[in-house]
>>> print(open('target29.txt').read())   # compact mmCIF, C-alpha atoms
# COMPACT_ATOMS: atom_id res chain seq x y z
CA MET E 1254 -111.85 71.75 -121.09
CA SER E 1255 -111.61 72.57 -117.41
CA GLU E 1256 -110.39 70.12 -114.80
CA GLU E 1257 -113.94 69.84 -113.47
CA ASP E 1258 -115.14 68.67 -116.91
CA THR E 1259 -112.52 65.90 -116.97
CA TYR E 1260 -114.53 63.75 -114.54
CA THR E 1261 -118.11 62.55 -114.82
CA PRO E 1262 -120.53 62.76 -111.90
CA GLU E 1263 -120.07 58.99 -111.57
CA ASP E 1264 -116.28 59.44 -111.28
CA LEU E 1265 -116.70 62.07 -108.59
CA GLU E 1266 -119.15 59.92 -106.64
CA ALA E 1267 -116.88 56.87 -106.83
CA GLY E 1268 -114.01 58.99 -105.51
CA ARG E 1269 -116.17 60.31 -102.70
CA LEU E 1270 -117.20 56.80 -101.66
CA LEU E 1271 -113.63 55.48 -101.79
CA PHE E 1272 -112.32 58.18 -99.48
CA ALA E 1273 -115.38 58.15 -97.22
CA ARG E 1274 -114.21 54.79 -95.88
CA PRO E 1275 -112.35 54.67 -92.55
CA TRP E 1276 -108.75 55.25 -93.61
CA GLU E 1277 -106.10 54.33 -91.07
CA PHE E 1278 -102.36 54.21 -90.62
CA LEU E 1279 -100.85 50.83 -91.53
CA THR E 1280 -97.10 51.03 -90.95
CA SER E 1281 -93.95 53.13 -91.24
CA VAL E 1282 -90.91 51.76 -93.04
CA THR E 1283 -87.26 52.75 -92.93
CA ASP E 1284 -85.95 49.57 -94.58
CA MET E 1285 -87.07 48.01 -97.86
CA ALA E 1286 -87.11 44.61 -96.16
CA ASN E 1287 -90.03 45.76 -94.02
CA LEU E 1288 -92.33 46.89 -96.82
CA PRO E 1289 -95.88 45.50 -96.66
CA GLY E 1290 -96.97 42.99 -99.29
CA ALA E 1291 -97.17 44.37 -102.82
CA THR E 1292 -100.83 43.55 -103.40
CA ASP E 1293 -102.95 46.71 -103.68
CA THR E 1294 -102.32 49.60 -106.02
CA GLU E 1295 -99.99 52.08 -104.34
CA ILE E 1296 -99.99 55.81 -105.02
CA ALA E 1297 -97.17 57.72 -103.37
CA PHE E 1298 -97.15 61.40 -102.41
CA ALA E 1299 -93.84 63.23 -102.80
CA GLY E 1300 -92.72 66.83 -102.51
CA ARG E 1301 -90.49 69.35 -100.82
CA SER E 1302 -90.62 69.56 -97.06
CA ASN E 1303 -93.55 71.68 -95.88
CA VAL E 1304 -95.30 71.51 -99.28
CA GLY E 1305 -98.48 70.27 -97.61
CA LYS E 1306 -98.38 66.50 -98.16
CA SER E 1307 -99.83 65.57 -94.79
CA SER E 1308 -102.54 68.23 -95.04
CA LEU E 1309 -103.60 66.99 -98.47
CA ILE E 1310 -103.70 63.34 -97.37
CA ASN E 1311 -105.81 64.38 -94.39
CA ALA E 1312 -108.14 66.37 -96.66
CA LEU E 1313 -108.55 63.42 -99.03
CA THR E 1314 -109.38 60.96 -96.27
CA GLY E 1315 -111.39 63.36 -94.14
CA ARG E 1316 -109.24 62.60 -91.11
CA LYS E 1317 -107.39 65.60 -89.73
CA GLY E 1318 -104.89 63.60 -87.71
CA LEU E 1319 -104.23 60.67 -90.06
CA ALA E 1320 -100.99 62.01 -91.53
CA ARG E 1321 -98.99 64.07 -89.09
CA THR E 1322 -98.55 67.74 -89.91
CA SER E 1323 -95.86 69.95 -88.51
CA SER E 1324 -94.57 73.49 -88.88
CA THR E 1325 -91.10 71.93 -88.85
CA PRO E 1326 -90.07 70.79 -92.36
CA GLY E 1327 -88.58 67.33 -92.67
CA ARG E 1328 -90.64 65.68 -89.95
CA THR E 1329 -91.73 62.79 -92.20
CA GLN E 1330 -88.58 60.66 -92.30
CA MET E 1331 -90.10 57.32 -93.25
CA LEU E 1332 -92.39 55.78 -95.83
CA ASN E 1333 -95.81 55.90 -94.17
CA PHE E 1334 -98.58 53.62 -95.47
CA PHE E 1335 -102.32 54.27 -95.16
CA VAL E 1336 -105.16 51.88 -96.02
CA ALA E 1337 -108.92 51.50 -95.71
CA PRO E 1338 -111.07 48.33 -95.50
CA ASP E 1339 -112.20 46.78 -98.79
CA THR E 1340 -110.30 49.20 -101.00
CA PRO E 1341 -107.79 48.41 -103.77
CA LEU E 1342 -105.67 51.43 -102.88
CA THR E 1343 -102.79 52.12 -100.51
CA ILE E 1344 -101.54 55.67 -99.99
CA VAL E 1345 -97.84 56.19 -99.29
CA ASP E 1346 -96.51 59.38 -97.69
CA MET E 1347 -92.89 59.73 -98.75
CA PRO E 1348 -90.18 61.70 -96.91
CA GLY E 1349 -90.05 65.34 -97.88
CA TYR E 1350 -86.96 66.57 -99.70
CA GLY E 1351 -85.11 69.86 -99.87
CA TYR E 1352 -84.83 70.47 -96.14
CA ALA E 1353 -81.44 72.17 -95.92
CA GLN E 1354 -81.14 72.05 -92.12
CA ALA E 1355 -81.34 68.26 -91.90
CA PRO E 1356 -78.01 66.49 -91.19
CA LYS E 1357 -76.32 65.28 -94.37
CA GLU E 1358 -76.25 61.64 -93.29
CA LEU E 1359 -79.97 61.73 -92.54
CA VAL E 1360 -80.75 63.25 -95.94
CA GLU E 1361 -78.66 60.53 -97.60
CA ALA E 1362 -80.56 57.83 -95.71
CA TRP E 1363 -83.92 59.30 -96.72
CA THR E 1364 -82.76 59.59 -100.33
CA GLN E 1365 -81.58 55.98 -100.51
CA LEU E 1366 -84.85 54.74 -99.04
CA VAL E 1367 -86.94 56.73 -101.52
CA PHE E 1368 -84.83 55.75 -104.53
CA SER E 1369 -84.96 52.08 -103.59
CA TYR E 1370 -88.73 52.23 -103.15
CA LEU E 1371 -89.30 53.96 -106.49
CA ARG E 1372 -87.16 51.51 -108.42
CA GLY E 1373 -88.25 48.32 -106.69
CA ARG E 1374 -91.98 48.57 -105.96
CA PRO E 1375 -93.95 46.66 -108.65
CA ASN E 1376 -97.40 47.86 -107.53
CA LEU E 1377 -96.50 51.56 -107.41
CA ARG E 1378 -98.89 53.02 -109.96
CA ARG E 1379 -98.15 56.71 -109.74
CA VAL E 1380 -96.29 59.32 -107.74
CA ILE E 1381 -98.24 62.46 -106.91
CA LEU E 1382 -95.60 65.20 -106.98
CA LEU E 1383 -96.73 68.15 -104.91
CA ILE E 1384 -95.66 71.67 -105.84
CA ASP E 1385 -96.39 74.74 -103.69
CA SER E 1386 -98.38 77.15 -105.87
CA ARG E 1387 -96.68 80.13 -104.23
CA HIS E 1388 -93.21 79.03 -105.31
CA GLY E 1389 -93.64 76.90 -108.44
CA ILE E 1390 -91.18 74.26 -109.59
CA LYS E 1391 -87.74 74.54 -107.97
CA LYS E 1392 -84.40 72.93 -108.71
CA ASN E 1393 -84.92 70.00 -106.33
CA ASP E 1394 -88.34 69.37 -107.91
CA LEU E 1395 -86.66 69.10 -111.30
CA GLU E 1396 -84.08 66.72 -109.82
CA THR E 1397 -86.91 64.56 -108.51
CA MET E 1398 -88.53 64.59 -111.95
CA ASP E 1399 -85.21 63.47 -113.44
CA LEU E 1400 -85.16 60.55 -111.03
CA LEU E 1401 -88.75 59.58 -111.79
CA ASP E 1402 -88.13 59.82 -115.54
CA LYS E 1403 -85.06 57.59 -115.18
CA ALA E 1404 -86.94 55.09 -113.03
CA ALA E 1405 -89.86 55.14 -115.50
CA VAL E 1406 -92.33 55.87 -112.70
CA VAL E 1407 -95.35 57.86 -113.86
CA TYR E 1408 -95.80 61.05 -111.85
CA GLN E 1409 -98.49 63.70 -111.76
CA VAL E 1410 -98.04 67.25 -110.52
CA VAL E 1411 -100.56 68.48 -107.97
CA LEU E 1412 -100.34 72.11 -106.93
CA THR E 1413 -100.95 72.78 -103.25
CA LYS E 1414 -102.02 75.96 -101.46
CA SER E 1415 -103.66 77.25 -104.65
CA ASP E 1416 -105.82 79.61 -102.60
CA LYS E 1417 -102.71 81.57 -101.68
CA ILE E 1418 -102.22 83.09 -105.15
CA LYS E 1419 -104.59 85.04 -107.39
CA PRO E 1420 -106.58 83.16 -110.08
CA PRO E 1421 -104.73 84.69 -113.08
CA ALA E 1422 -101.38 83.73 -111.55
CA LEU E 1423 -102.68 80.21 -110.90
CA THR E 1424 -103.86 79.90 -114.51
CA ARG E 1425 -100.40 80.92 -115.75
CA LEU E 1426 -98.70 78.54 -113.34
CA ILE E 1427 -100.81 75.61 -114.54
CA ALA E 1428 -100.07 76.44 -118.19
CA ASP E 1429 -96.34 76.82 -117.55
CA THR E 1430 -96.25 73.57 -115.58
CA GLU E 1431 -98.09 71.67 -118.29
CA ALA E 1432 -95.66 73.00 -120.90
CA LEU E 1433 -92.70 71.82 -118.82
CA LEU E 1434 -94.24 68.40 -118.21
CA ALA E 1435 -94.88 67.90 -121.94
CA LYS E 1436 -91.11 67.52 -122.33
CA ARG E 1437 -90.87 64.88 -119.60
CA VAL E 1438 -91.08 61.21 -120.56
CA ALA E 1439 -92.82 59.90 -117.42
CA ALA E 1440 -95.00 62.90 -116.59
CA HIS E 1441 -98.79 62.73 -116.64
CA PRO E 1442 -100.19 65.67 -118.65
CA ILE E 1443 -102.99 66.77 -116.27
CA VAL E 1444 -102.05 69.20 -113.49
CA HIS E 1445 -104.38 69.41 -110.48
CA ALA E 1446 -104.68 72.57 -108.39
CA THR E 1447 -105.73 71.98 -104.80
CA SER E 1448 -106.18 73.77 -101.51
CA SER E 1449 -106.46 71.61 -98.40
CA GLU E 1450 -107.57 74.65 -96.40
CA LYS E 1451 -110.40 75.57 -98.79
CA ASN E 1452 -111.03 71.99 -100.02
CA ARG E 1453 -110.49 73.09 -103.62
CA GLY E 1454 -109.68 70.44 -106.21
CA VAL E 1455 -109.84 67.69 -103.59
CA ASP E 1456 -112.93 66.01 -105.06
CA GLU E 1457 -111.33 65.90 -108.50
CA LEU E 1458 -108.16 64.39 -107.08
CA LYS E 1459 -110.26 61.76 -105.26
CA ALA E 1460 -111.85 60.86 -108.59
CA GLU E 1461 -108.45 60.60 -110.30
CA LEU E 1462 -107.01 58.32 -107.61
CA CYS E 1463 -110.16 56.16 -107.64
CA LEU E 1464 -109.86 55.68 -111.39
CA LEU E 1465 -106.23 54.66 -110.95
CA ALA E 1466 -107.06 52.22 -108.18
CA ASN E 1467 -109.70 50.46 -110.25
CA GLN E 1468 -107.84 50.18 -113.56
>>> encode(input="target29.txt", output="structure tokens")
Amino acid sequence: MSEEDTYTPEDLEAGRLLFARPWEFLTSVTDMANLPGATDTEIAFAGRSNVGKSSLINALTGRKGLARTSSTPGRTQMLNFFVAPDTPLTIVDMPGYGYAQAPKELVEAWTQLVFSYLRGRPNLRRVILLIDSRHGIKKNDLETMDLLDKAAVVYQVVLTKSDKIKPPALTRLIADTEALLAKRVAAHPIVHATSSEKNRGVDELKAELCLLANQ
């Protein structure tokens, strides 16, 4: 069954309506003490620096400037929260990892913030772990999966920039990724392939996040 067949027309429409609302920036947090109230379902986006997190969040919400994008990896150094009126969902943009040029003390501060958030946020429903289709899963992605498995936080792999590789290679990548995730205790089995530039897979991801928000 293809990814498109996973969702009914009603699922896709509900996802469209959820993300058609006026999403806006709520707050940025560098200290756990300043987190907003744990009321709505939170879904966090994680991934290596420059994997396309901001671009995907902007594609989901239909707002090009909502999450900041930059050609400089490591720009997102805080937990950034996004909300929309009358929705049960909060989106969290997490600091990118794997940026070798960042100062060590800054990397350690980011890491501590992320680890504390993952382990201590009761309304965090899922982490969307972004993987660049051109590069596949790298060592620091596996380290992040280890952390999420240990913290018992469910995570789902979403491939970004899927338009940058040929369809047969993408099919193999999805199959290989699913096989790897089958051995992971906290991994969700469905892998989404997306392209923010071509708007591929975005509607299906909207449907998935809407289902999560309303469970």
>>> residues_near_point(input="target29.txt", point="(-95.2, 78.6, -105.9)", cutoff="12 Å", atoms="only C-alpha atoms", output="ChimeraX atom specification")
/E:1301,1304,1383-1391,1394,1411-1419,1422-1423,1425-1427,1429-1430,1446
>>> axis_aligned_box(input="target29.txt", around="region 1444-1460 of chain E", padding_each_side="6 Å", output="AutoDock Vina command-line options")
--center_x -107.5 --center_y 68.2 --center_z -104.9 --size_x 22.9 --size_y 26.7 --size_z 29.1
>>> residues_around(input="target29.txt", residues="Asp1399 (chain E)", least_positions_apart="2", cutoff="12 Å", atoms="all atoms listed in the file", output="list in words")
Phe1368, Lys1392, Asn1393, Asp1394, Leu1395, Glu1396, Thr1397, Leu1401, Asp1402, Lys1403, Ala1404, Ala1405, Val1406, Val1407, Tyr1408, Leu1434, Lys1436, Arg1437, Val1438, Ala1439 and Ala1440 of chain E
>>> closest_residue(input="target29.txt", among="E:Thr1314, E:Gln1365, E:Thr1447, E:Ser1302", to="Tyr1350 (chain E)", atoms="only C-alpha atoms")
E:Ser1302
>>> atom_distance(input="target29.txt", atom1="CA of Leu1382 (chain E)", atom2="CA of Phe1298 (chain E)")
6.1 Å
>>> closest_residue(input="target29.txt", among="E:Leu1319, E:Arg1374, E:Leu1313, E:Ala1286", to="Gly1268 (chain E)", atoms="only C-alpha atoms")
E:Leu1313
>>> residues_around(input="target29.txt", residues="Ile1344 (chain E)", least_positions_apart="4", cutoff="9 Å", atoms="only C-alpha atoms", output="number ranges by chain")
E: 1294-1298, 1310, 1333-1336
>>> write_last_selection(input="target29.txt", atoms="C-alpha atoms", output="mmCIF file, in the coordinates of the input")
data_model
loop_
_atom_site.group_PDB
_atom_site.id
_atom_site.type_symbol
_atom_site.label_atom_id
_atom_site.label_comp_id
_atom_site.auth_asym_id
_atom_site.auth_seq_id
_atom_site.Cartn_x
_atom_site.Cartn_y
_atom_site.Cartn_z
ATOM 1 C CA THR E 1294 -102.320 49.600 -106.020
ATOM 2 C CA GLU E 1295 -99.990 52.080 -104.340
ATOM 3 C CA ILE E 1296 -99.990 55.810 -105.020
ATOM 4 C CA ALA E 1297 -97.170 57.720 -103.370
ATOM 5 C CA PHE E 1298 -97.150 61.400 -102.410
ATOM 6 C CA ILE E 1310 -103.700 63.340 -97.370
ATOM 7 C CA ASN E 1333 -95.810 55.900 -94.170
ATOM 8 C CA PHE E 1334 -98.580 53.620 -95.470
ATOM 9 C CA PHE E 1335 -102.320 54.270 -95.160
ATOM 10 C CA VAL E 1336 -105.160 51.880 -96.020
#
>>> closest_residue(input="target29.txt", among="E:Ala1273, E:Ala1267, E:Leu1342, E:Ala1337", to="Arg1378 (chain E)", atoms="all atoms listed in the file")
E:Leu1342
>>> residues_around(input="target29.txt", residues="Leu1288 (chain E)", least_positions_apart="2", cutoff="12 Å", atoms="all atoms listed in the file", output="ChimeraX atom specification")
/E:1279-1286,1290-1292,1295,1331-1334,1345,1366,1369-1370,1373-1376
>>> write_last_selection(input="target29.txt", atoms="C-alpha atoms", output="PDB file, in the coordinates of the input")
ATOM      1  CA  LEU E1279    -100.850  50.830 -91.530  1.00  0.00           C
ATOM      2  CA  THR E1280     -97.100  51.030 -90.950  1.00  0.00           C
ATOM      3  CA  SER E1281     -93.950  53.130 -91.240  1.00  0.00           C
ATOM      4  CA  VAL E1282     -90.910  51.760 -93.040  1.00  0.00           C
ATOM      5  CA  THR E1283     -87.260  52.750 -92.930  1.00  0.00           C
ATOM      6  CA  ASP E1284     -85.950  49.570 -94.580  1.00  0.00           C
ATOM      7  CA  MET E1285     -87.070  48.010 -97.860  1.00  0.00           C
ATOM      8  CA  ALA E1286     -87.110  44.610 -96.160  1.00  0.00           C
ATOM      9  CA  GLY E1290     -96.970  42.990 -99.290  1.00  0.00           C
ATOM     10  CA  ALA E1291     -97.170  44.370-102.820  1.00  0.00           C
ATOM     11  CA  THR E1292    -100.830  43.550-103.400  1.00  0.00           C
ATOM     12  CA  GLU E1295     -99.990  52.080-104.340  1.00  0.00           C
ATOM     13  CA  MET E1331     -90.100  57.320 -93.250  1.00  0.00           C
ATOM     14  CA  LEU E1332     -92.390  55.780 -95.830  1.00  0.00           C
ATOM     15  CA  ASN E1333     -95.810  55.900 -94.170  1.00  0.00           C
ATOM     16  CA  PHE E1334     -98.580  53.620 -95.470  1.00  0.00           C
ATOM     17  CA  VAL E1345     -97.840  56.190 -99.290  1.00  0.00           C
ATOM     18  CA  LEU E1366     -84.850  54.740 -99.040  1.00  0.00           C
ATOM     19  CA  SER E1369     -84.960  52.080-103.590  1.00  0.00           C
ATOM     20  CA  TYR E1370     -88.730  52.230-103.150  1.00  0.00           C
ATOM     21  CA  GLY E1373     -88.250  48.320-106.690  1.00  0.00           C
ATOM     22  CA  ARG E1374     -91.980  48.570-105.960  1.00  0.00           C
ATOM     23  CA  PRO E1375     -93.950  46.660-108.650  1.00  0.00           C
ATOM     24  CA  ASN E1376     -97.400  47.860-107.530  1.00  0.00           C
TER      25      ASN E1376
END
>>> atom_distance(input="target29.txt", atom1="CA of Ala1362 (chain E)", atom2="CA of Glu1277 (chain E)")
26.2 Å
>>> atom_distance(input="target29.txt", atom1="CA of Ala1466 (chain E)", atom2="CA of Val1367 (chain E)")
21.7 Å
>>> closest_residue(input="target29.txt", among="E:Arg1453, E:Leu1270, E:Leu1465, E:Pro1421", to="Arg1379 (chain E)", atoms="only C-alpha atoms")
E:Leu1465
>>> closest_residue(input="target29.txt", among="E:Glu1461, E:Glu1361, E:Asp1456, E:Asp1339", to="Pro1275 (chain E)", atoms="all atoms listed in the file")
E:Asp1339
>>> closest_residue(input="target29.txt", among="E:Ser1308, E:Glu1263, E:Asn1287, E:Arg1274", to="Asn1452 (chain E)", atoms="all atoms listed in the file")
E:Ser1308
>>> decode(input="target29.txt", residues="region 1291-1304 of chain E", atoms="all heavy atoms", output="PDB file, in the first residue's frame")
ATOM      1  N   ALA E1291       1.909  23.080  29.343  1.00  0.00           N
ATOM      2  CA  ALA E1291       1.824  21.784  28.657  1.00  0.00           C
ATOM      3  C   ALA E1291       0.362  21.389  28.489  1.00  0.00           C
ATOM      4  O   ALA E1291      -0.148  20.498  29.165  1.00  0.00           O
ATOM      5  CB  ALA E1291       2.595  20.727  29.436  1.00  0.00           C
ATOM      6  N   THR E1292      -0.335  22.061  27.587  1.00  0.00           N
ATOM      7  CA  THR E1292      -1.764  21.816  27.397  1.00  0.00           C
ATOM      8  C   THR E1292      -2.044  21.113  26.073  1.00  0.00           C
ATOM      9  O   THR E1292      -2.589  20.009  26.051  1.00  0.00           O
ATOM     10  CB  THR E1292      -2.541  23.140  27.461  1.00  0.00           C
ATOM     11  OG1 THR E1292      -1.958  24.078  26.538  1.00  0.00           O
ATOM     12  CG2 THR E1292      -2.486  23.724  28.865  1.00  0.00           C
ATOM     13  N   ASP E1293      -1.676  21.730  24.953  1.00  0.00           N
ATOM     14  CA  ASP E1293      -1.935  21.130  23.652  1.00  0.00           C
ATOM     15  C   ASP E1293      -0.949  20.005  23.341  1.00  0.00           C
ATOM     16  O   ASP E1293       0.110  19.904  23.946  1.00  0.00           O
ATOM     17  CB  ASP E1293      -1.833  22.184  22.542  1.00  0.00           C
ATOM     18  CG  ASP E1293      -2.915  23.244  22.653  1.00  0.00           C
ATOM     19  OD1 ASP E1293      -3.959  22.959  23.275  1.00  0.00           O
ATOM     20  OD2 ASP E1293      -2.708  24.361  22.138  1.00  0.00           O
ATOM     21  N   THR E1294      -1.323  19.177  22.387  1.00  0.00           N
ATOM     22  CA  THR E1294      -0.406  18.172  21.865  1.00  0.00           C
ATOM     23  C   THR E1294       0.765  18.859  21.172  1.00  0.00           C
ATOM     24  O   THR E1294       0.574  19.731  20.338  1.00  0.00           O
ATOM     25  CB  THR E1294      -1.126  17.268  20.848  1.00  0.00           C
ATOM     26  OG1 THR E1294      -2.147  16.528  21.521  1.00  0.00           O
ATOM     27  CG2 THR E1294      -0.158  16.303  20.183  1.00  0.00           C
ATOM     28  N   GLU E1295       1.976  18.471  21.540  1.00  0.00           N
ATOM     29  CA  GLU E1295       3.163  19.014  20.893  1.00  0.00           C
ATOM     30  C   GLU E1295       3.800  17.969  19.996  1.00  0.00           C
ATOM     31  O   GLU E1295       3.927  16.797  20.372  1.00  0.00           O
ATOM     32  CB  GLU E1295       4.177  19.502  21.929  1.00  0.00           C
ATOM     33  CG  GLU E1295       3.746  20.798  22.604  1.00  0.00           C
ATOM     34  CD  GLU E1295       4.735  21.332  23.615  1.00  0.00           C
ATOM     35  OE1 GLU E1295       5.779  20.689  23.851  1.00  0.00           O
ATOM     36  OE2 GLU E1295       4.453  22.407  24.169  1.00  0.00           O
ATOM     37  N   ILE E1296       4.190  18.404  18.806  1.00  0.00           N
ATOM     38  CA  ILE E1296       4.947  17.579  17.879  1.00  0.00           C
ATOM     39  C   ILE E1296       6.206  18.355  17.529  1.00  0.00           C
ATOM     40  O   ILE E1296       6.134  19.484  17.046  1.00  0.00           O
ATOM     41  CB  ILE E1296       4.129  17.246  16.622  1.00  0.00           C
ATOM     42  CG1 ILE E1296       2.897  16.422  17.018  1.00  0.00           C
ATOM     43  CG2 ILE E1296       4.987  16.490  15.613  1.00  0.00           C
ATOM     44  CD1 ILE E1296       1.953  16.132  15.886  1.00  0.00           C
ATOM     45  N   ALA E1297       7.344  17.759  17.818  1.00  0.00           N
ATOM     46  CA  ALA E1297       8.622  18.451  17.647  1.00  0.00           C
ATOM     47  C   ALA E1297       9.313  17.980  16.373  1.00  0.00           C
ATOM     48  O   ALA E1297       9.243  16.800  16.003  1.00  0.00           O
ATOM     49  CB  ALA E1297       9.521  18.214  18.856  1.00  0.00           C
ATOM     50  N   PHE E1298       9.988  18.905  15.715  1.00  0.00           N
ATOM     51  CA  PHE E1298      10.750  18.613  14.504  1.00  0.00           C
ATOM     52  C   PHE E1298      12.233  18.660  14.843  1.00  0.00           C
ATOM     53  O   PHE E1298      12.722  19.668  15.357  1.00  0.00           O
ATOM     54  CB  PHE E1298      10.421  19.621  13.411  1.00  0.00           C
ATOM     55  CG  PHE E1298       9.086  19.391  12.754  1.00  0.00           C
ATOM     56  CD1 PHE E1298       7.911  19.585  13.452  1.00  0.00           C
ATOM     57  CD2 PHE E1298       9.011  18.962  11.433  1.00  0.00           C
ATOM     58  CE1 PHE E1298       6.673  19.375  12.861  1.00  0.00           C
ATOM     59  CE2 PHE E1298       7.781  18.741  10.827  1.00  0.00           C
ATOM     60  CZ  PHE E1298       6.608  18.939  11.548  1.00  0.00           C
ATOM     61  N   ALA E1299      12.932  17.573  14.535  1.00  0.00           N
ATOM     62  CA  ALA E1299      14.360  17.467  14.836  1.00  0.00           C
ATOM     63  C   ALA E1299      15.105  17.045  13.574  1.00  0.00           C
ATOM     64  O   ALA E1299      14.522  16.489  12.638  1.00  0.00           O
ATOM     65  CB  ALA E1299      14.606  16.454  15.953  1.00  0.00           C
ATOM     66  N   GLY E1300      16.412  17.299  13.565  1.00  0.00           N
ATOM     67  CA  GLY E1300      17.216  16.862  12.432  1.00  0.00           C
ATOM     68  C   GLY E1300      18.546  17.573  12.397  1.00  0.00           C
ATOM     69  O   GLY E1300      18.784  18.531  13.134  1.00  0.00           O
ATOM     70  N   ARG E1301      19.427  17.092  11.532  1.00  0.00           N
ATOM     71  CA  ARG E1301      20.728  17.723  11.368  1.00  0.00           C
ATOM     72  C   ARG E1301      20.562  19.150  10.870  1.00  0.00           C
ATOM     73  O   ARG E1301      19.582  19.489  10.201  1.00  0.00           O
ATOM     74  CB  ARG E1301      21.581  16.943  10.359  1.00  0.00           C
ATOM     75  CG  ARG E1301      21.992  15.561  10.812  1.00  0.00           C
ATOM     76  CD  ARG E1301      23.154  15.020   9.971  1.00  0.00           C
ATOM     77  NE  ARG E1301      22.860  15.042   8.553  1.00  0.00           N
ATOM     78  CZ  ARG E1301      22.255  14.056   7.895  1.00  0.00           C
ATOM     79  NH1 ARG E1301      21.845  12.983   8.536  1.00  0.00           N
ATOM     80  NH2 ARG E1301      22.049  14.152   6.588  1.00  0.00           N
ATOM     81  N   SER E1302      21.521  19.980  11.191  1.00  0.00           N
ATOM     82  CA  SER E1302      21.516  21.345  10.693  1.00  0.00           C
ATOM     83  C   SER E1302      21.439  21.344   9.170  1.00  0.00           C
ATOM     84  O   SER E1302      22.088  20.544   8.499  1.00  0.00           O
ATOM     85  CB  SER E1302      22.784  22.083  11.145  1.00  0.00           C
ATOM     86  OG  SER E1302      22.792  22.222  12.544  1.00  0.00           O
ATOM     87  N   ASN E1303      20.618  22.215   8.648  1.00  0.00           N
ATOM     88  CA  ASN E1303      20.440  22.375   7.200  1.00  0.00           C
ATOM     89  C   ASN E1303      19.713  21.207   6.543  1.00  0.00           C
ATOM     90  O   ASN E1303      19.799  21.018   5.330  1.00  0.00           O
ATOM     91  CB  ASN E1303      21.787  22.590   6.498  1.00  0.00           C
ATOM     92  CG  ASN E1303      21.671  23.592   5.357  1.00  0.00           C
ATOM     93  OD1 ASN E1303      20.769  24.409   5.313  1.00  0.00           O
ATOM     94  ND2 ASN E1303      22.606  23.519   4.424  1.00  0.00           N
ATOM     95  N   VAL E1304      18.950  20.434   7.336  1.00  0.00           N
ATOM     96  CA  VAL E1304      18.183  19.320   6.770  1.00  0.00           C
ATOM     97  C   VAL E1304      16.890  19.793   6.127  1.00  0.00           C
ATOM     98  O   VAL E1304      16.274  19.074   5.337  1.00  0.00           O
ATOM     99  CB  VAL E1304      17.887  18.263   7.855  1.00  0.00           C
ATOM    100  CG1 VAL E1304      16.800  18.748   8.808  1.00  0.00           C
ATOM    101  CG2 VAL E1304      17.484  16.920   7.243  1.00  0.00           C
TER     102      VAL E1304
END
